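So this block is target39.txt, compact mmCIF, C-alpha atoms and all ligand atoms:
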# COMPACT_ATOMS: atom_id res chain seq x y z
CA MET A 1 -66.78 -77.33 55.82
CA ILE A 2 -63.97 -74.99 54.82
CA THR A 3 -64.85 -71.54 56.04
CA GLU A 4 -62.86 -68.37 55.49
CA ASN A 5 -61.66 -68.90 59.01
CA GLY A 6 -60.54 -72.40 58.11
CA GLU A 7 -58.44 -71.07 55.24
CA ALA A 8 -56.84 -68.46 57.47
CA MET A 9 -55.90 -71.16 59.97
CA THR A 10 -54.47 -73.59 57.46
CA HIS A 11 -52.43 -70.72 56.03
CA ARG A 12 -51.12 -69.80 59.48
CA LEU A 13 -50.41 -73.47 60.22
CA ALA A 14 -48.27 -73.67 57.07
CA GLN A 15 -46.43 -70.50 58.12
CA VAL A 16 -45.72 -71.89 61.58
CA ARG A 17 -44.40 -75.13 60.06
CA GLU A 18 -42.13 -73.14 57.76
CA ARG A 19 -40.82 -71.09 60.68
CA ILE A 20 -40.11 -74.29 62.62
CA ALA A 21 -38.20 -75.74 59.66
CA GLN A 22 -36.22 -72.50 59.27
CA ALA A 23 -35.42 -72.34 62.99
CA CYS A 24 -34.13 -75.92 62.80
CA LEU A 25 -31.97 -75.09 59.78
CA ASP A 26 -30.60 -72.01 61.52
CA CYS A 27 -29.29 -74.06 64.44
CA GLY A 28 -28.32 -77.22 62.58
CA ARG A 29 -31.18 -79.40 63.82
CA THR A 30 -33.32 -81.80 61.80
CA PRO A 31 -36.90 -80.49 61.49
CA GLY A 32 -38.22 -83.94 62.39
CA GLU A 33 -36.76 -83.54 65.90
CA VAL A 34 -39.28 -80.81 66.73
CA ARG A 35 -42.93 -81.75 67.03
CA LEU A 36 -45.61 -79.09 66.74
CA ILE A 37 -48.48 -79.20 69.24
CA ALA A 38 -51.38 -77.06 67.99
CA VAL A 39 -52.93 -75.61 71.15
CA SER A 40 -56.68 -75.64 70.46
CA LYS A 41 -57.96 -74.56 73.89
CA THR A 42 -61.06 -72.30 73.71
CA PHE A 43 -61.57 -73.17 70.01
CA ASP A 44 -64.46 -75.35 68.93
CA ALA A 45 -64.76 -78.12 66.38
CA PRO A 46 -65.39 -75.91 63.30
CA HIS A 47 -62.08 -74.18 64.02
CA ILE A 48 -60.13 -77.35 64.74
CA THR A 49 -61.40 -79.53 61.88
CA PRO A 50 -59.65 -77.54 59.09
CA VAL A 51 -56.38 -77.82 60.98
CA ILE A 52 -56.81 -81.60 61.25
CA GLU A 53 -57.67 -81.71 57.55
CA ALA A 54 -54.47 -79.78 56.80
CA GLY A 55 -52.54 -82.67 58.31
CA GLN A 56 -51.88 -81.49 61.86
CA ARG A 57 -51.95 -84.44 64.28
CA LEU A 58 -50.73 -83.23 67.71
CA PHE A 59 -53.11 -81.04 69.68
CA GLY A 60 -52.87 -79.46 73.13
CA GLU A 61 -55.65 -78.65 75.58
CA ASN A 62 -55.34 -77.18 79.05
CA ARG A 63 -58.58 -78.39 80.64
CA VAL A 64 -59.80 -81.94 81.07
CA GLN A 65 -63.51 -81.03 80.87
CA GLU A 66 -63.09 -78.98 77.70
CA ALA A 67 -61.09 -81.74 76.03
CA LYS A 68 -63.68 -84.30 77.06
CA ALA A 69 -66.44 -82.25 75.44
CA LYS A 70 -64.61 -81.74 72.13
CA TRP A 71 -62.12 -84.47 71.35
CA PRO A 72 -63.83 -87.87 71.43
CA GLU A 73 -65.87 -86.79 68.39
CA LEU A 74 -63.06 -84.86 66.68
CA ARG A 75 -60.63 -87.76 66.85
CA ALA A 76 -63.09 -90.54 66.02
CA GLY A 77 -61.71 -92.56 63.12
CA ARG A 78 -58.36 -90.78 63.31
CA PRO A 79 -56.14 -93.03 65.40
CA ASP A 80 -53.02 -91.01 64.60
CA ILE A 81 -54.19 -87.92 66.49
CA GLU A 82 -52.30 -87.30 69.72
CA LEU A 83 -53.88 -85.26 72.49
CA HIS A 84 -51.57 -83.47 74.94
CA LEU A 85 -52.65 -82.11 78.32
CA ILE A 86 -50.73 -78.87 78.90
CA GLY A 87 -52.73 -77.44 81.82
CA PRO A 88 -52.88 -78.33 85.53
CA LEU A 89 -54.29 -81.73 86.47
CA GLN A 90 -56.28 -82.20 89.67
CA THR A 91 -55.85 -85.59 91.30
CA ASN A 92 -59.61 -86.26 91.17
CA LYS A 93 -59.50 -85.90 87.36
CA VAL A 94 -56.62 -88.32 86.79
CA ARG A 95 -58.83 -91.17 85.64
CA GLU A 96 -60.62 -89.00 83.09
CA ALA A 97 -57.33 -87.53 81.92
CA LEU A 98 -55.84 -90.96 81.37
CA ALA A 99 -58.83 -91.91 79.22
CA LEU A 100 -58.40 -88.83 77.02
CA PHE A 101 -54.77 -87.81 76.75
CA ASP A 102 -51.77 -89.48 75.11
CA VAL A 103 -49.25 -87.18 76.77
CA ILE A 104 -49.42 -85.25 80.07
CA HIS A 105 -47.02 -82.29 80.29
CA THR A 106 -47.99 -81.14 83.78
CA LEU A 107 -46.80 -83.67 86.34
CA ASP A 108 -45.90 -81.20 89.06
CA ARG A 109 -46.32 -82.63 92.58
CA PRO A 110 -45.95 -85.83 94.60
CA SER A 111 -49.71 -86.30 95.14
CA LEU A 112 -50.24 -86.30 91.37
CA ALA A 113 -47.39 -88.77 90.84
CA ALA A 114 -49.01 -91.06 93.41
CA ALA A 115 -52.46 -90.71 91.81
CA LEU A 116 -51.04 -91.52 88.36
CA ALA A 117 -49.16 -94.53 89.68
CA LYS A 118 -52.35 -95.80 91.27
CA GLU A 119 -54.48 -95.43 88.13
CA LEU A 120 -52.00 -96.61 85.49
CA PRO A 121 -52.41 -100.34 86.19
CA ARG A 122 -56.14 -99.98 85.54
CA LEU A 123 -55.53 -99.01 81.92
CA GLU A 124 -56.40 -102.14 80.06
CA GLY A 125 -55.43 -102.45 76.43
CA GLN A 126 -54.48 -98.80 76.27
CA PRO A 127 -50.88 -97.55 76.23
CA ALA A 128 -49.84 -95.55 79.28
CA PRO A 129 -49.60 -91.83 78.52
CA ARG A 130 -46.16 -90.29 78.20
CA LEU A 131 -45.35 -88.02 81.13
CA LEU A 132 -43.45 -84.75 81.38
CA VAL A 133 -42.60 -82.93 84.59
CA GLN A 134 -43.51 -79.25 84.65
CA VAL A 135 -40.74 -77.07 86.08
CA ASN A 136 -41.50 -73.60 87.45
CA THR A 137 -38.25 -72.18 86.08
CA GLY A 138 -39.19 -68.62 87.07
CA GLU A 139 -40.18 -69.71 90.60
CA GLU A 140 -43.41 -67.74 90.24
CA PRO A 141 -45.69 -68.31 93.25
CA GLN A 142 -48.89 -68.29 91.14
CA LYS A 143 -47.56 -70.78 88.59
CA ALA A 144 -47.66 -74.57 88.70
CA GLY A 145 -44.49 -76.61 88.41
CA VAL A 146 -41.72 -78.02 90.55
CA ALA A 147 -39.10 -75.51 91.75
CA PRO A 148 -35.75 -75.93 89.93
CA GLN A 149 -33.92 -76.81 93.15
CA GLU A 150 -36.45 -79.53 93.95
CA VAL A 151 -36.85 -81.11 90.55
CA ASP A 152 -34.02 -83.68 90.70
CA ALA A 153 -35.46 -85.13 93.90
CA PHE A 154 -38.98 -85.07 92.45
CA ILE A 155 -37.86 -86.94 89.33
CA ALA A 156 -36.14 -89.55 91.50
CA THR A 157 -39.33 -89.96 93.58
CA CYS A 158 -41.45 -90.40 90.45
CA ARG A 159 -39.11 -93.05 89.12
CA GLU A 160 -38.09 -94.93 92.24
CA GLN A 161 -41.11 -94.62 94.50
CA HIS A 162 -43.89 -94.58 91.91
CA GLY A 163 -42.31 -96.51 89.04
CA LEU A 164 -43.27 -93.83 86.54
CA VAL A 165 -41.51 -93.63 83.18
CA LEU A 166 -40.78 -89.99 82.39
CA GLU A 167 -40.32 -88.66 78.88
CA GLY A 168 -39.13 -85.13 79.62
CA LEU A 169 -39.72 -81.68 81.06
CA MET A 170 -42.01 -78.74 80.32
CA CYS A 171 -41.85 -75.06 81.29
CA ILE A 172 -43.77 -71.82 80.82
CA PRO A 173 -41.33 -68.93 81.34
CA PRO A 174 -42.51 -65.76 83.13
CA ALA A 175 -44.38 -63.54 80.68
CA ASP A 176 -42.28 -60.47 81.47
CA GLU A 177 -38.79 -61.94 81.12
CA PRO A 178 -36.65 -63.09 78.20
CA ALA A 179 -37.46 -66.78 77.71
CA ALA A 180 -34.02 -68.01 76.64
CA PRO A 181 -32.48 -68.42 80.14
CA HIS A 182 -35.55 -70.45 81.20
CA PHE A 183 -35.31 -72.72 78.17
CA ALA A 184 -31.57 -73.18 78.79
CA LEU A 185 -32.21 -74.07 82.43
CA LEU A 186 -34.87 -76.63 81.44
CA ALA A 187 -32.47 -78.24 78.93
CA LYS A 188 -29.76 -78.44 81.58
CA ILE A 189 -32.07 -80.09 84.14
CA ALA A 190 -33.26 -82.59 81.50
CA ALA A 191 -29.72 -83.50 80.46
CA ARG A 192 -28.54 -84.21 83.99
CA ASN A 193 -31.61 -86.40 84.59
CA GLY A 194 -31.34 -88.38 81.36
CA LEU A 195 -34.58 -86.99 79.90
CA SER A 196 -34.92 -86.47 76.15
CA ALA A 197 -38.14 -84.51 75.64
CA LEU A 198 -38.30 -80.74 76.13
CA SER A 199 -41.72 -79.09 75.88
CA MET A 200 -40.98 -75.39 75.57
CA GLY A 201 -41.80 -72.48 73.29
CA MET A 202 -45.17 -70.91 72.47
CA SER A 203 -46.35 -68.54 69.70
CA GLY A 204 -44.08 -65.72 70.82
CA ASP A 205 -40.86 -67.63 71.40
CA PHE A 206 -40.83 -71.04 69.72
CA GLU A 207 -37.83 -70.23 67.52
CA THR A 208 -35.78 -69.40 70.62
CA ALA A 209 -36.94 -72.65 72.23
CA ILE A 210 -35.91 -74.65 69.15
CA ALA A 211 -32.43 -73.11 69.24
CA LEU A 212 -32.17 -74.27 72.86
CA GLY A 213 -33.31 -77.84 72.22
CA ALA A 214 -37.14 -77.94 72.26
CA THR A 215 -38.57 -81.24 71.03
CA TYR A 216 -42.21 -80.11 71.46
CA VAL A 217 -43.36 -76.56 70.78
CA ARG A 218 -46.86 -75.60 71.96
CA VAL A 219 -48.35 -73.07 69.56
CA GLY A 220 -51.86 -71.67 69.92
CA SER A 221 -52.58 -68.13 68.76
CA ALA A 222 -50.10 -68.17 65.85
CA ILE A 223 -52.27 -70.93 64.33
CA PHE A 224 -55.81 -70.36 65.62
CA GLY A 225 -55.71 -66.57 66.08
CA GLY A 226 -56.32 -64.60 69.27
CA ARG A 227 -58.33 -66.10 72.10
C1 LIG B 301 -52.20 -71.52 75.85
C2 LIG B 301 -50.91 -72.22 76.05
C3 LIG B 301 -49.95 -72.29 75.01
C4 LIG B 301 -50.12 -71.60 73.67
O1 LIG B 301 -49.96 -70.23 73.82
P1 LIG B 301 -49.89 -69.25 72.54
O2 LIG B 301 -49.17 -68.08 73.05
O3 LIG B 301 -51.29 -69.00 72.14
O4 LIG B 301 -49.11 -69.96 71.49
C5 LIG B 301 -48.80 -73.02 75.26
N1 LIG B 301 -48.59 -73.64 76.44
C6 LIG B 301 -49.48 -73.60 77.44
C7 LIG B 301 -49.19 -74.32 78.70
C8 LIG B 301 -50.67 -72.89 77.28
O5 LIG B 301 -51.56 -72.86 78.29

Rewrite the structure of this file - the entire thing - as structure tokens.
Ligand SMILES: *Cc1c(COP(=O)(O)O)cnc(C)c1O
Amino acid sequence: MITENGEAMTHRLAQVRERIAQACLDCGRTPGEVRLIAVSKTFDAPHITPVIEAGQRLFGENRVQEAKAKWPELRAGRPDIELHLIGPLQTNKVREALALFDVIHTLDRPSLAAALAKELPRLEGQPAPRLLVQVNTGEEPQKAGVAPQEVDAFIATCREQHGLVLEGLMCIPPADEPAAPHFALLAKIAARNGLSALSMGMSGDFETAIALGATYVRVGSAIFGGR
């Protein structure tokens, strides 16, 4: 079913893709280096289906329960869809999260690293999800993420103590500050820890994030409209 809404979203998706390509050109990067995650949280299947039909394959959700209610049906018969968890993960939901998500962007504390390490061997015939460590670059007390001065030690613990393979880092800069210094800090931490993936940039700042090395941008409202 292509509704008027569906057309608006596929149009906005095309615009976001064009802006990503332009941002890559502007800083001498190859557009294929930046992967677009369409953040579909709060939107239901009739909103998401047109975006899938327009060719989008990476989607982000911030709640395990919401993803569980929507995605098994939406992705049935579409093995190339990738689901990314971009919201906090409680340790008691790790098993469910591993069954649903291909990538987890919010590894942010030792107890979660331990819970993941414990559950991963139980995954039979299913690839282990890729893992990114969330860094609280703005050191905001209400926000999840490892503090910048603790992140090197946390990465070492994940690798050495828990045997986790890490793909990269993720951050959500403070809403009331310029994002660029936060993106630059995340890139610096990733480089010194030998991590290649950088999940940074949302609807309001993804071009800035691309200029500073983003490999995943997480874009919601610029595609789906306001929540
Ligand atoms: C909601 C959300 C986004 C998308 O935000 P928009 O401003 O709508 O693009 C990106 N990242 C995280 C972690 C989110 O929770």

Return as a ChimeraX atom specification the residues of protein, DNA or RNA that approach ligand LIG 301 (chain B) to within 12 Å, with only C-alpha atoms and all ligand atoms taken into account. /A:13,16,36-43,59-63,84-89,104-106,134-136,143-145,170-175,199-207,216-227

For atom CA of A:Glu33 and atom CA of A:Ile155, quote the distance in Å rounded to one decimal. 23.7 Å

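Across the model, the gap from atom CA of A:Pro148 to atom CA of A:Leu100 is 29.1 Å.
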
Between atom CA of A:Lys70 and atom CA of A:Leu83, what distance in Å does the model show, to one decimal? 11.3 Å

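Take the candidates A:Leu74, A:Ile20, A:Ala211, A:Ala114 and check each one against A:His162 using all atoms listed in the file; the shortest distance goes to A:Ala114.
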
Within 9 Å of A:Thr157, counting all atoms listed in the file, which residues qualify if same-chain residues fewer than 5 places away don't, as a PyMOL selection string? chain A and resi 110+113+152+162-164

Give me the residues within 12 Å of A:Cys24 as a PDB file with C-alpha atoms, keeping the file's coordinate frame, counting all atoms listed in the file and dropping any in the same chain fewer than 3 places off.
ATOM      1  CA  ARG A  17     -44.400 -75.130  60.060  1.00  0.00           C
ATOM      2  CA  GLU A  18     -42.130 -73.140  57.760  1.00  0.00           C
ATOM      3  CA  ARG A  19     -40.820 -71.090  60.680  1.00  0.00           C
ATOM      4  CA  ILE A  20     -40.110 -74.290  62.620  1.00  0.00           C
ATOM      5  CA  ALA A  21     -38.200 -75.740  59.660  1.00  0.00           C
ATOM      6  CA  CYS A  27     -29.290 -74.060  64.440  1.00  0.00           C
ATOM      7  CA  GLY A  28     -28.320 -77.220  62.580  1.00  0.00           C
ATOM      8  CA  ARG A  29     -31.180 -79.400  63.820  1.00  0.00           C
ATOM      9  CA  THR A  30     -33.320 -81.800  61.800  1.00  0.00           C
ATOM     10  CA  PRO A  31     -36.900 -80.490  61.490  1.00  0.00           C
ATOM     11  CA  GLY A  32     -38.220 -83.940  62.390  1.00  0.00           C
ATOM     12  CA  GLU A  33     -36.760 -83.540  65.900  1.00  0.00           C
ATOM     13  CA  VAL A  34     -39.280 -80.810  66.730  1.00  0.00           C
ATOM     14  CA  ARG A  35     -42.930 -81.750  67.030  1.00  0.00           C
ATOM     15  CA  PHE A 206     -40.830 -71.040  69.720  1.00  0.00           C
ATOM     16  CA  GLU A 207     -37.830 -70.230  67.520  1.00  0.00           C
ATOM     17  CA  THR A 208     -35.780 -69.400  70.620  1.00  0.00           C
ATOM     18  CA  ALA A 209     -36.940 -72.650  72.230  1.00  0.00           C
ATOM     19  CA  ILE A 210     -35.910 -74.650  69.150  1.00  0.00           C
ATOM     20  CA  ALA A 211     -32.430 -73.110  69.240  1.00  0.00           C
ATOM     21  CA  LEU A 212     -32.170 -74.270  72.860  1.00  0.00           C
ATOM     22  CA  GLY A 213     -33.310 -77.840  72.220  1.00  0.00           C
ATOM     23  CA  ALA A 214     -37.140 -77.940  72.260  1.00  0.00           C
ATOM     24  CA  THR A 215     -38.570 -81.240  71.030  1.00  0.00           C
TER      25      THR A 215
END

Can you find the residues with an atom no farther than 7 Å from (-35.0, -71.7, 85.2), counting all atoms listed in the file, and report them as an mmCIF file with C-alpha atoms, in the coordinates of the input?
data_model
loop_
_atom_site.group_PDB
_atom_site.id
_atom_site.type_symbol
_atom_site.label_atom_id
_atom_site.label_comp_id
_atom_site.auth_asym_id
_atom_site.auth_seq_id
_atom_site.Cartn_x
_atom_site.Cartn_y
_atom_site.Cartn_z
ATOM 1 C CA THR A 137 -38.250 -72.180 86.080
ATOM 2 C CA GLY A 138 -39.190 -68.620 87.070
ATOM 3 C CA PRO A 148 -35.750 -75.930 89.930
ATOM 4 C CA PRO A 181 -32.480 -68.420 80.140
ATOM 5 C CA HIS A 182 -35.550 -70.450 81.200
ATOM 6 C CA LEU A 185 -32.210 -74.070 82.430
ATOM 7 C CA LEU A 186 -34.870 -76.630 81.440
#

Return the single residue from A:Arg12, A:His47, A:Arg95, A:Lys188 that is closest to A:Pro121, with distances computed using all atoms listed in the file.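 Closest candidate: A:Arg95.
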
Find the residue from A:Glu167, A:Glu82, A:Glu119, A:Glu139 that sits nearest to A:Val94; use all atoms listed in the file when measuring. A:Glu119

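The shortest atom-to-atom distance to A:Leu198, with only C-alpha atoms taken into account, belongs to A:Val133 out of A:Val133, A:Ala99, A:Ala153, A:Ile81.
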
Nearest to A:Ala45 by atom-to-atom distance, counting all atoms listed in the file, from A:Val64, A:Pro72, A:Arg78, A:Asp26: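 Going through A:Val64, A:Pro72, A:Arg78, A:Asp26 one by one, the smallest distance to A:Ala45 is for A:Pro72.
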
Box along x, y and z, 8 Å on every side, all listed atoms of stretch 47-65 of chain A inside: centre and edge lengths in Å to one decimal, as lines of an AutoDock Vina configuration file.
center_x = -57.1
center_y = -79.3
center_z = 68.9
size_x = 28.8
size_y = 26.3
size_z = 40.3
